[in-house]
>>> print(open('data35.pdb').read())   # PDB, C-alpha atoms, pLDDT in the B column
MODEL        1
ATOM      1  CA  GLY X 292       0.000   0.000   0.000  1.00 30.00           C
ATOM      2  CA  VAL X 293       0.885   3.652  -0.064  1.00 30.00           C
ATOM      3  CA  GLN X 294       1.793   5.394   3.168  1.00 30.00           C
ATOM      4  CA  CYS X 295       1.887   9.186   3.220  1.00 27.00           C
ATOM      5  CA  LEU X 296       4.980  10.440   5.038  1.00 26.00           C
ATOM      6  CA  ASP X 297       4.194  14.133   4.722  1.00 29.00           C
ATOM      7  CA  ASN X 298       2.396  16.446   2.331  1.00 28.00           C
ATOM      8  CA  ILE X 299       4.730  15.847  -0.588  1.00 30.00           C
ATOM      9  CA  GLU X 300       6.387  12.453  -0.197  1.00 34.00           C
ATOM     10  CA  TRP X 301       5.227   8.831  -0.363  1.00 35.00           C
ATOM     11  CA  TYR X 302       6.867   5.545   0.492  1.00 36.00           C
ATOM     12  CA  VAL X 303       5.687   2.477  -1.386  1.00 39.00           C
ATOM     13  CA  LYS X 304       6.620  -1.114  -0.539  1.00 41.00           C
ATOM     14  CA  GLU X 305       5.289  -3.936  -2.675  1.00 43.00           C
ATOM     15  CA  PRO X 306       6.539  -7.547  -2.975  1.00 43.00           C
ATOM     16  CA  GLY X 307       8.623  -6.485  -5.955  1.00 54.00           C
ATOM     17  CA  CYS X 308       9.795  -2.957  -5.228  1.00 55.00           C
ATOM     18  CA  GLU X 309      10.241  -0.059  -2.880  1.00 62.00           C
ATOM     19  CA  MET X 310       9.719   3.417  -4.276  1.00 59.00           C
ATOM     20  CA  ASN X 311      10.028   6.988  -3.049  1.00 62.00           C
ATOM     21  CA  LEU X 312       8.600   9.913  -4.993  1.00 62.00           C
ATOM     22  CA  ARG X 313       8.913  13.557  -3.995  1.00 65.00           C
ATOM     23  CA  VAL X 314       7.656  16.590  -5.871  1.00 66.00           C
ATOM     24  CA  GLY X 315       9.622  19.599  -4.751  1.00 70.00           C
ATOM     25  CA  ASN X 316       7.551  22.522  -6.027  1.00 73.00           C
ATOM     26  CA  THR X 317       3.833  21.930  -5.647  1.00 77.00           C
ATOM     27  CA  ASP X 318       3.106  25.512  -6.754  1.00 84.00           C
ATOM     28  CA  VAL X 319       4.426  25.900 -10.292  1.00 84.00           C
ATOM     29  CA  ARG X 320       3.944  28.768 -12.701  1.00 85.00           C
ATOM     30  CA  ILE X 321       3.217  28.517 -16.408  1.00 85.00           C
ATOM     31  CA  GLY X 322       6.630  28.124 -18.069  1.00 80.00           C
ATOM     32  CA  GLU X 323       8.267  26.471 -15.070  1.00 83.00           C
ATOM     33  CA  ARG X 324       8.815  22.729 -14.541  1.00 85.00           C
ATOM     34  CA  LEU X 325       7.919  20.325 -11.753  1.00 84.00           C
ATOM     35  CA  ASN X 326      10.965  18.956  -9.911  1.00 84.00           C
ATOM     36  CA  ILE X 327      10.749  15.232  -9.103  1.00 79.00           C
ATOM     37  CA  ASP X 328      13.045  13.166  -6.876  1.00 78.00           C
ATOM     38  CA  PHE X 329      12.655   9.460  -7.604  1.00 74.00           C
ATOM     39  CA  ARG X 330      14.114   6.355  -5.919  1.00 74.00           C
ATOM     40  CA  LEU X 331      13.359   2.726  -6.764  1.00 72.00           C
ATOM     41  CA  VAL X 332      14.703  -0.494  -5.178  1.00 73.00           C
ATOM     42  CA  HIS X 333      14.000  -3.718  -7.093  1.00 69.00           C
ATOM     43  CA  ASN X 334      13.557  -6.640  -4.671  1.00 70.00           C
ATOM     44  CA  LYS X 335      12.560  -9.577  -6.858  1.00 69.00           C
ATOM     45  CA  PRO X 336      15.418 -12.028  -7.708  1.00 73.00           C
ATOM     46  CA  GLN X 337      15.233 -11.359 -11.428  1.00 72.00           C
ATOM     47  CA  THR X 338      15.902  -8.569 -13.882  1.00 75.00           C
ATOM     48  CA  ALA X 339      12.924  -6.345 -14.654  1.00 70.00           C
ATOM     49  CA  ASN X 340      12.269  -4.105 -17.638  1.00 71.00           C
ATOM     50  CA  ARG X 341       9.892  -1.364 -16.576  1.00 71.00           C
ATOM     51  CA  ALA X 342       8.637   1.990 -17.765  1.00 75.00           C
ATOM     52  CA  PHE X 343       7.081   4.612 -15.518  1.00 78.00           C
ATOM     53  CA  ASN X 344       3.741   6.139 -16.423  1.00 80.00           C
ATOM     54  CA  PHE X 345       2.868   9.675 -15.362  1.00 84.00           C
ATOM     55  CA  THR X 346      -0.629  11.088 -15.699  1.00 85.00           C
ATOM     56  CA  ILE X 347      -2.205  14.458 -14.954  1.00 88.00           C
ATOM     57  CA  ARG X 348      -5.774  14.658 -13.654  1.00 85.00           C
ATOM     58  CA  ASP X 349      -7.873  17.735 -13.075  1.00 84.00           C
ATOM     59  CA  GLU X 350      -9.721  18.410  -9.827  1.00 80.00           C
ATOM     60  CA  ASN X 351     -12.766  16.501 -11.148  1.00 74.00           C
ATOM     61  CA  GLY X 352     -10.723  13.320 -11.521  1.00 74.00           C
ATOM     62  CA  THR X 353     -10.547  13.373 -15.329  1.00 77.00           C
ATOM     63  CA  VAL X 354      -7.266  12.082 -16.788  1.00 79.00           C
ATOM     64  CA  LEU X 355      -6.086  14.825 -19.150  1.00 83.00           C
ATOM     65  CA  HIS X 356      -2.566  13.838 -20.165  1.00 85.00           C
ATOM     66  CA  ARG X 357      -0.237  10.853 -20.038  1.00 83.00           C
ATOM     67  CA  ARG X 358       3.521  10.465 -20.402  1.00 83.00           C
ATOM     68  CA  ASN X 359       5.375   7.143 -20.502  1.00 77.00           C
ATOM     69  CA  THR X 360       9.114   6.956 -19.868  1.00 77.00           C
ATOM     70  CA  GLU X 361      11.479   4.742 -21.796  1.00 74.00           C
ATOM     71  CA  ARG X 362      11.741   1.201 -20.432  1.00 73.00           C
ATOM     72  CA  MET X 363      14.607   0.725 -17.960  1.00 73.00           C
ATOM     73  CA  ARG X 364      16.563  -2.467 -17.331  1.00 76.00           C
ATOM     74  CA  ILE X 365      16.548  -2.945 -13.541  1.00 73.00           C
ATOM     75  CA  PRO X 366      18.713  -5.788 -12.143  1.00 76.00           C
ATOM     76  CA  TYR X 367      17.875  -7.501  -8.848  1.00 73.00           C
ATOM     77  CA  GLN X 368      18.568  -5.284  -5.817  1.00 71.00           C
ATOM     78  CA  GLU X 369      19.432  -2.372  -8.059  1.00 73.00           C
ATOM     79  CA  VAL X 370      18.823   1.063  -6.534  1.00 76.00           C
ATOM     80  CA  ILE X 371      17.786   3.681  -9.071  1.00 74.00           C
ATOM     81  CA  THR X 372      17.769   7.346  -8.106  1.00 78.00           C
ATOM     82  CA  ARG X 373      16.761  10.115 -10.463  1.00 77.00           C
ATOM     83  CA  GLU X 374      16.164  13.834 -10.402  1.00 82.00           C
ATOM     84  CA  TRP X 375      13.775  14.780 -13.162  1.00 83.00           C
ATOM     85  CA  ALA X 376      12.326  18.040 -14.349  1.00 84.00           C
ATOM     86  CA  LEU X 377       8.835  17.617 -15.746  1.00 85.00           C
ATOM     87  CA  SER X 378       7.621  20.160 -18.293  1.00 86.00           C
ATOM     88  CA  LEU X 379       3.853  20.464 -18.199  1.00 87.00           C
ATOM     89  CA  PRO X 380       1.719  20.198 -21.344  1.00 87.00           C
ATOM     90  CA  ARG X 381       1.618  23.494 -23.247  1.00 83.00           C
ATOM     91  CA  VAL X 382      -2.179  23.621 -23.158  1.00 83.00           C
ATOM     92  CA  ILE X 383      -2.405  23.375 -19.367  1.00 87.00           C
ATOM     93  CA  THR X 384      -4.032  26.383 -17.683  1.00 90.00           C
ATOM     94  CA  PRO X 385      -3.862  27.760 -14.135  1.00 92.00           C
ATOM     95  CA  GLY X 386      -5.736  25.563 -11.677  1.00 91.00           C
ATOM     96  CA  SER X 387      -5.474  22.531  -9.400  1.00 92.00           C
ATOM     97  CA  TYR X 388      -4.210  19.192 -10.714  1.00 90.00           C
ATOM     98  CA  VAL X 389      -2.952  15.783  -9.577  1.00 86.00           C
ATOM     99  CA  LEU X 390       0.222  14.112 -10.843  1.00 85.00           C
ATOM    100  CA  ALA X 391       0.168  10.304 -10.505  1.00 82.00           C
ATOM    101  CA  VAL X 392       2.850   7.716 -11.252  1.00 79.00           C
ATOM    102  CA  ALA X 393       2.419   4.011 -11.984  1.00 76.00           C
ATOM    103  CA  ILE X 394       4.920   1.290 -12.876  1.00 71.00           C
ATOM    104  CA  ASP X 395       4.352  -0.487 -16.155  1.00 66.00           C
ATOM    105  CA  GLY X 396       3.209  -4.067 -15.570  1.00 57.00           C
ATOM    106  CA  MET X 397       2.797  -3.758 -11.781  1.00 57.00           C
ATOM    107  CA  ASN X 398      -0.126  -3.112  -9.448  1.00 55.00           C
ATOM    108  CA  GLN X 399      -2.550  -3.668 -12.365  1.00 48.00           C
ATOM    109  CA  GLY X 400      -1.644  -0.268 -13.746  1.00 54.00           C
ATOM    110  CA  GLN X 401      -2.972   1.577 -10.714  1.00 60.00           C
ATOM    111  CA  ALA X 402      -1.063   4.587  -9.375  1.00 63.00           C
ATOM    112  CA  TYR X 403       1.557   3.992  -6.713  1.00 65.00           C
ATOM    113  CA  ALA X 404       1.656   7.643  -5.679  1.00 70.00           C
ATOM    114  CA  GLU X 405      -0.237  10.855  -6.328  1.00 77.00           C
ATOM    115  CA  GLN X 406       0.719  14.482  -5.773  1.00 79.00           C
ATOM    116  CA  SER X 407      -1.570  17.498  -5.861  1.00 84.00           C
ATOM    117  CA  PHE X 408      -0.066  20.618  -7.388  1.00 87.00           C
ATOM    118  CA  THR X 409      -1.238  24.076  -8.389  1.00 90.00           C
ATOM    119  CA  VAL X 410      -0.465  25.815 -11.666  1.00 89.00           C
ATOM    120  CA  LEU X 411      -0.161  29.590 -11.253  1.00 89.00           C
ATOM    121  CA  PRO X 412      -0.247  32.258 -13.977  1.00 88.00           C
ATOM    122  CA  ARG X 413       3.014  33.157 -15.686  1.00 80.00           C
ATOM    123  CA  ASN X 414       4.921  36.046 -14.104  1.00 76.00           C
ATOM    124  CA  GLY X 415       8.053  36.103 -16.227  1.00 60.00           C
ATOM    125  CA  ALA X 416      10.080  33.989 -13.806  1.00 53.00           C
ATOM    126  CA  GLN X 417      12.652  31.568 -15.171  1.00 55.00           C
ATOM    127  CA  THR X 418      12.351  27.821 -14.658  1.00 53.00           C
ATOM    128  CA  THR X 419      13.231  26.633 -11.152  1.00 57.00           C
ATOM    129  CA  SER X 420      14.877  23.428 -12.399  1.00 60.00           C
ATOM    130  CA  ASP X 421      17.888  24.554 -14.430  1.00 63.00           C
ATOM    131  CA  GLY X 422      20.479  21.788 -14.635  1.00 75.00           C
ATOM    132  CA  ILE X 423      18.015  18.979 -13.840  1.00 81.00           C
ATOM    133  CA  PRO X 424      17.483  16.641 -16.829  1.00 83.00           C
ATOM    134  CA  GLU X 425      14.092  16.656 -18.461  1.00 83.00           C
ATOM    135  CA  LEU X 426      12.006  13.495 -18.111  1.00 81.00           C
ATOM    136  CA  GLU X 427      12.022  12.004 -21.600  1.00 77.00           C
ATOM    137  CA  GLY X 428       8.868  11.577 -23.633  1.00 75.00           C
ATOM    138  CA  GLU X 429       6.001  13.696 -24.889  1.00 74.00           C
ATOM    139  CA  TRP X 430       2.696  14.305 -23.161  1.00 81.00           C
ATOM    140  CA  PHE X 431      -0.184  12.469 -24.816  1.00 75.00           C
ATOM    141  CA  GLU X 432      -3.555  14.198 -24.475  1.00 72.00           C
ATOM    142  CA  VAL X 433      -6.166  11.784 -23.120  1.00 69.00           C
ATOM    143  CA  ALA X 434      -9.190  14.050 -22.745  1.00 53.00           C
ATOM    144  CA  ALA X 435      -9.861  17.611 -23.808  1.00 47.00           C
ATOM    145  CA  SER X 436     -12.712  18.232 -21.391  1.00 47.00           C
ATOM    146  CA  SER X 437     -13.178  17.763 -17.659  1.00 49.00           C
ATOM    147  CA  ALA X 438     -16.903  17.110 -18.029  1.00 56.00           C
ATOM    148  CA  LEU X 439     -18.175  13.706 -16.942  1.00 62.00           C
ATOM    149  CA  PRO X 440     -18.488  11.201 -19.805  1.00 67.00           C
ATOM    150  CA  SER X 441     -21.930  10.851 -21.383  1.00 68.00           C
ATOM    151  CA  GLY X 442     -21.749   7.054 -21.657  1.00 79.00           C
ATOM    152  CA  TYR X 443     -19.738   3.874 -21.214  1.00 87.00           C
ATOM    153  CA  ALA X 444     -16.866   3.636 -23.680  1.00 87.00           C
ATOM    154  CA  LEU X 445     -13.681   1.668 -24.213  1.00 90.00           C
ATOM    155  CA  MET X 446     -11.009   3.612 -26.064  1.00 86.00           C
ATOM    156  CA  GLN X 447      -8.511   2.128 -28.488  1.00 87.00           C
ATOM    157  CA  ASN X 448      -5.411   1.062 -26.591  1.00 88.00           C
ATOM    158  CA  TYR X 449      -2.265   3.182 -26.936  1.00 83.00           C
ATOM    159  CA  PRO X 450       0.129   2.331 -28.473  1.00 84.00           C
ATOM    160  CA  ASN X 451      -1.307  -0.180 -30.916  1.00 87.00           C
ATOM    161  CA  PRO X 452       0.399  -2.327 -32.158  1.00 88.00           C
ATOM    162  CA  PHE X 453       2.315  -2.659 -28.891  1.00 89.00           C
ATOM    163  CA  ASN X 454       5.246  -4.522 -27.328  1.00 88.00           C
ATOM    164  CA  PRO X 455       5.043  -5.576 -24.578  1.00 89.00           C
ATOM    165  CA  SER X 456       2.648  -3.191 -22.783  1.00 87.00           C
ATOM    166  CA  THR X 457      -0.153  -0.832 -23.694  1.00 88.00           C
ATOM    167  CA  ALA X 458      -2.575   1.533 -21.967  1.00 86.00           C
ATOM    168  CA  ILE X 459      -6.327   0.878 -22.103  1.00 90.00           C
ATOM    169  CA  GLY X 460      -8.658   3.778 -21.369  1.00 87.00           C
ATOM    170  CA  TYR X 461     -12.376   3.727 -20.624  1.00 89.00           C
ATOM    171  CA  THR X 462     -15.097   6.100 -19.447  1.00 85.00           C
ATOM    172  CA  LEU X 463     -17.911   5.714 -16.937  1.00 87.00           C
ATOM    173  CA  PRO X 464     -20.858   8.141 -16.796  1.00 86.00           C
ATOM    174  CA  GLU X 465     -21.616   7.042 -13.228  1.00 86.00           C
ATOM    175  CA  SER X 466     -20.147   4.916 -10.454  1.00 87.00           C
ATOM    176  CA  ALA X 467     -20.315   1.282 -11.584  1.00 90.00           C
ATOM    177  CA  HIS X 468     -19.139  -2.241 -10.871  1.00 93.00           C
ATOM    178  CA  LEU X 469     -17.101  -3.449 -13.830  1.00 94.00           C
ATOM    179  CA  ARG X 470     -14.480  -5.812 -15.173  1.00 94.00           C
ATOM    180  CA  VAL X 471     -11.697  -5.109 -17.645  1.00 95.00           C
ATOM    181  CA  VAL X 472     -10.627  -8.396 -19.211  1.00 96.00           C
ATOM    182  CA  VAL X 473      -8.267  -9.399 -22.018  1.00 96.00           C
ATOM    183  CA  TYR X 474      -9.008 -12.420 -24.220  1.00 96.00           C
ATOM    184  CA  ASP X 475      -6.897 -14.103 -26.879  1.00 95.00           C
ATOM    185  CA  ALA X 476      -8.005 -14.855 -30.438  1.00 93.00           C
ATOM    186  CA  LEU X 477      -9.561 -18.169 -29.274  1.00 93.00           C
ATOM    187  CA  GLY X 478     -11.724 -16.444 -26.691  1.00 92.00           C
ATOM    188  CA  ARG X 479      -9.670 -17.563 -23.685  1.00 94.00           C
ATOM    189  CA  GLN X 480      -9.229 -15.127 -20.819  1.00 95.00           C
ATOM    190  CA  VAL X 481      -5.534 -14.261 -20.511  1.00 96.00           C
ATOM    191  CA  SER X 482      -5.682 -11.370 -18.026  1.00 95.00           C
ATOM    192  CA  LEU X 483      -8.155  -9.852 -15.579  1.00 94.00           C
ATOM    193  CA  LEU X 484      -6.946  -6.256 -15.391  1.00 93.00           C
ATOM    194  CA  PHE X 485      -9.570  -4.907 -13.005  1.00 92.00           C
ATOM    195  CA  GLU X 486     -12.685  -6.056 -11.190  1.00 92.00           C
ATOM    196  CA  GLY X 487     -14.525  -3.827  -8.760  1.00 92.00           C
ATOM    197  CA  THR X 488     -16.351  -0.521  -8.427  1.00 90.00           C
ATOM    198  CA  GLN X 489     -15.021   2.751  -9.808  1.00 87.00           C
ATOM    199  CA  GLU X 490     -16.280   6.317  -9.740  1.00 83.00           C
ATOM    200  CA  ALA X 491     -17.572   8.159 -12.812  1.00 83.00           C
ATOM    201  CA  GLY X 492     -14.897   9.623 -15.046  1.00 79.00           C
ATOM    202  CA  THR X 493     -12.080   8.628 -17.371  1.00 79.00           C
ATOM    203  CA  HIS X 494      -9.858   5.781 -16.238  1.00 84.00           C
ATOM    204  CA  GLU X 495      -6.788   4.044 -17.598  1.00 84.00           C
ATOM    205  CA  ILE X 496      -5.141   0.707 -16.914  1.00 87.00           C
ATOM    206  CA  LEU X 497      -1.993  -0.960 -18.232  1.00 86.00           C
ATOM    207  CA  PHE X 498      -1.835  -4.358 -19.906  1.00 91.00           C
ATOM    208  CA  ASP X 499       1.566  -6.077 -19.772  1.00 90.00           C
ATOM    209  CA  ALA X 500       1.861  -8.906 -22.295  1.00 92.00           C
ATOM    210  CA  SER X 501       5.505  -9.785 -21.602  1.00 90.00           C
ATOM    211  CA  ASP X 502       4.640 -13.459 -21.122  1.00 91.00           C
ATOM    212  CA  LEU X 503       2.274 -13.753 -24.100  1.00 95.00           C
ATOM    213  CA  PRO X 504       3.031 -14.542 -27.753  1.00 95.00           C
ATOM    214  CA  SER X 505       2.480 -12.141 -30.611  1.00 95.00           C
ATOM    215  CA  GLY X 506      -1.026 -12.014 -31.995  1.00 95.00           C
ATOM    216  CA  THR X 507      -4.459 -10.458 -31.757  1.00 96.00           C
ATOM    217  CA  TYR X 508      -6.029  -9.831 -28.351  1.00 97.00           C
ATOM    218  CA  TYR X 509      -9.334  -8.335 -27.273  1.00 96.00           C
ATOM    219  CA  ALA X 510      -9.842  -5.881 -24.414  1.00 96.00           C
ATOM    220  CA  ARG X 511     -13.360  -6.045 -23.025  1.00 95.00           C
ATOM    221  CA  LEU X 512     -15.105  -3.630 -20.655  1.00 94.00           C
ATOM    222  CA  GLU X 513     -17.925  -5.484 -18.891  1.00 94.00           C
ATOM    223  CA  THR X 514     -20.674  -3.729 -16.880  1.00 92.00           C
ATOM    224  CA  ALA X 515     -24.195  -4.579 -15.787  1.00 90.00           C
ATOM    225  CA  LEU X 516     -25.483  -2.748 -18.881  1.00 87.00           C
ATOM    226  CA  GLY X 517     -23.425  -4.749 -21.356  1.00 88.00           C
ATOM    227  CA  SER X 518     -19.900  -4.867 -22.733  1.00 90.00           C
ATOM    228  CA  VAL X 519     -17.683  -3.185 -25.320  1.00 91.00           C
ATOM    229  CA  VAL X 520     -14.602  -4.633 -27.038  1.00 94.00           C
ATOM    230  CA  GLN X 521     -11.469  -3.260 -28.679  1.00 93.00           C
ATOM    231  CA  THR X 522      -9.009  -5.252 -30.798  1.00 94.00           C
ATOM    232  CA  MET X 523      -5.314  -5.042 -29.882  1.00 95.00           C
ATOM    233  CA  LEU X 524      -2.242  -6.289 -31.744  1.00 94.00           C
ATOM    234  CA  LEU X 525       0.803  -7.560 -29.869  1.00 95.00           C
ATOM    235  CA  ALA X 526       3.832  -7.483 -32.191  1.00 92.00           C
ATOM    236  CA  LYS X 527       7.063  -8.804 -30.673  1.00 87.00           C
TER     237      LYS X 527
ENDMDL
END
>>> encode(input="data35.pdb", output="structure tokens")
Amino acid sequence: GVQCLDNIEWYVKEPGCEMNLRVGNTDVRIGERLNIDFRLVHNKPQTANRAFNFTIRDENGTVLHRRNTERMRIPYQEVITREWALSLPRVITPGSYVLAVAIDGMNQGQAYAEQSFTVLPRNGAQTTSDGIPELEGEWFEVAASSALPSGYALMQNYPNPFNPSTAIGYTLPESAHLRVVVYDALGRQVSLLFEGTQEAGTHEILFDASDLPSGTYYARLETALGSVVQTMLLAK
């Protein structure tokens, strides 16, 4: 689970990893960058290849943007420490937001840590993170509006084709009990990504197919009102 140490730092301990995340400047002006201190300890007796997935939500819980890092090779008992500067999407406006981080292929794609931050209007100040390397990757816009979805929907996974992981997004117009399941081309269930109740809004979950062969797979969002399916292509 996630234990809050103070207002801006979390400690996470799972069977496979320990992770610290600290955001240094929770009030950031347009044109400045978020400063992130990151530490990961890999505890499983095997080498892992993981990417880290950052998302930005607005105060209504809508996922607006996503950024995935490059995959890192993490040997057993390796300690990874990073200082990253995180440029915000150009279209972001002053307001309250949440930055969340998940680890590709772990915790069913759910966030390990979340940090609230406030974007302030530009005042001509220079960036507060000179000399800190920029977190690689481009922001991908997930939703252009913070309004609640008008219906149940399952978005096309991104990227597609993929290797070995992909993000699956879906929308709920109201709180609902649901399942997100992946089937192979023969109709066999290969992964139960989520089962439970979630609040209305836009959600996203990661599917890691590291142990599966190349081919066509089907993501299925199942609710009491029916189900929707998207086709995915795993190309190794």
>>> resolve_selection(input="data35.pdb", expression="the PyMOL selection byres ((chain X and resi 341) around 8)", output="number ranges by chain")
X: 339-340, 342-343, 362-365, 394-396
>>> residues_around(input="data35.pdb", residues="stretch 467-477 of chain X", least_positions_apart="2", cutoff="8 Å", atoms="all atoms listed in the file", output="PyMOL selection string")
chain X and resi 463+465+479-491+506-515
>>> atom_distance(input="data35.pdb", atom1="atom CA of X:Asp318", atom2="atom CA of X:Tyr388")
10.4 Å
>>> residues_around(input="data35.pdb", residues="stretch 367-384 of chain X", least_positions_apart="4", cutoff="8 Å", atoms="only C-alpha atoms", output="PyMOL selection string")
chain X and resi 321+323-339+356+410+412+420+423-426+430
>>> atom_distance(input="data35.pdb", atom1="atom CA of X:Arg357", atom2="atom CA of X:Ala391")
9.6 Å
>>> resolve_selection(input="data35.pdb", expression="the PyMOL selection byres ((chain X and resi 461) around 6)", output="list of chain:residue names")
X:Ala444, X:Leu445, X:Met446, X:Gly460, X:Thr462, X:Thr493, X:His494
>>> axis_aligned_box(input="data35.pdb", around="stretch 369-383 of chain X", padding_each_side="5 Å", output="JSON")
{"center_x": 8.5, "center_y": 10.6, "center_z": -14.9, "size_x": 31.8, "size_y": 36.0, "size_z": 26.7}
>>> closest_residue(input="data35.pdb", among="X:Leu411, X:Val519, X:Leu525, X:Ala404", to="X:Tyr449", atoms="all atoms listed in the file")
X:Leu525
>>> atom_distance(input="data35.pdb", atom1="atom CA of X:Pro464", atom2="atom CA of X:Gly492")
6.4 Å
>>> residues_around(input="data35.pdb", residues="X:Pro452", least_positions_apart="6", cutoff="9 Å", atoms="all atoms listed in the file", output="list of chain:residue names")
X:Met523, X:Leu524, X:Leu525, X:Ala526
>>> write_last_selection(input="data35.pdb", atoms="C-alpha atoms", output="PDB file, in the frame of the given file")
ATOM      1  CA  MET X 523      -5.314  -5.042 -29.882  1.00 95.00           C
ATOM      2  CA  LEU X 524      -2.242  -6.289 -31.744  1.00 94.00           C
ATOM      3  CA  LEU X 525       0.803  -7.560 -29.869  1.00 95.00           C
ATOM      4  CA  ALA X 526       3.832  -7.483 -32.191  1.00 92.00           C
TER       5      ALA X 526
END
>>> closest_residue(input="data35.pdb", among="X:Gly517, X:Asn454, X:Gly478, X:Asp349", to="X:Leu503", atoms="only C-alpha atoms")
X:Asn454
>>> closest_residue(input="data35.pdb", among="X:Leu390, X:Val520, X:Val319, X:Val354", to="X:Glu495", atoms="all atoms listed in the file")
X:Val354
>>> closest_residue(input="data35.pdb", among="X:Gln521, X:Gly428, X:Lys527, X:Ser456", to="X:Ala500", atoms="all atoms listed in the file")
X:Ser456
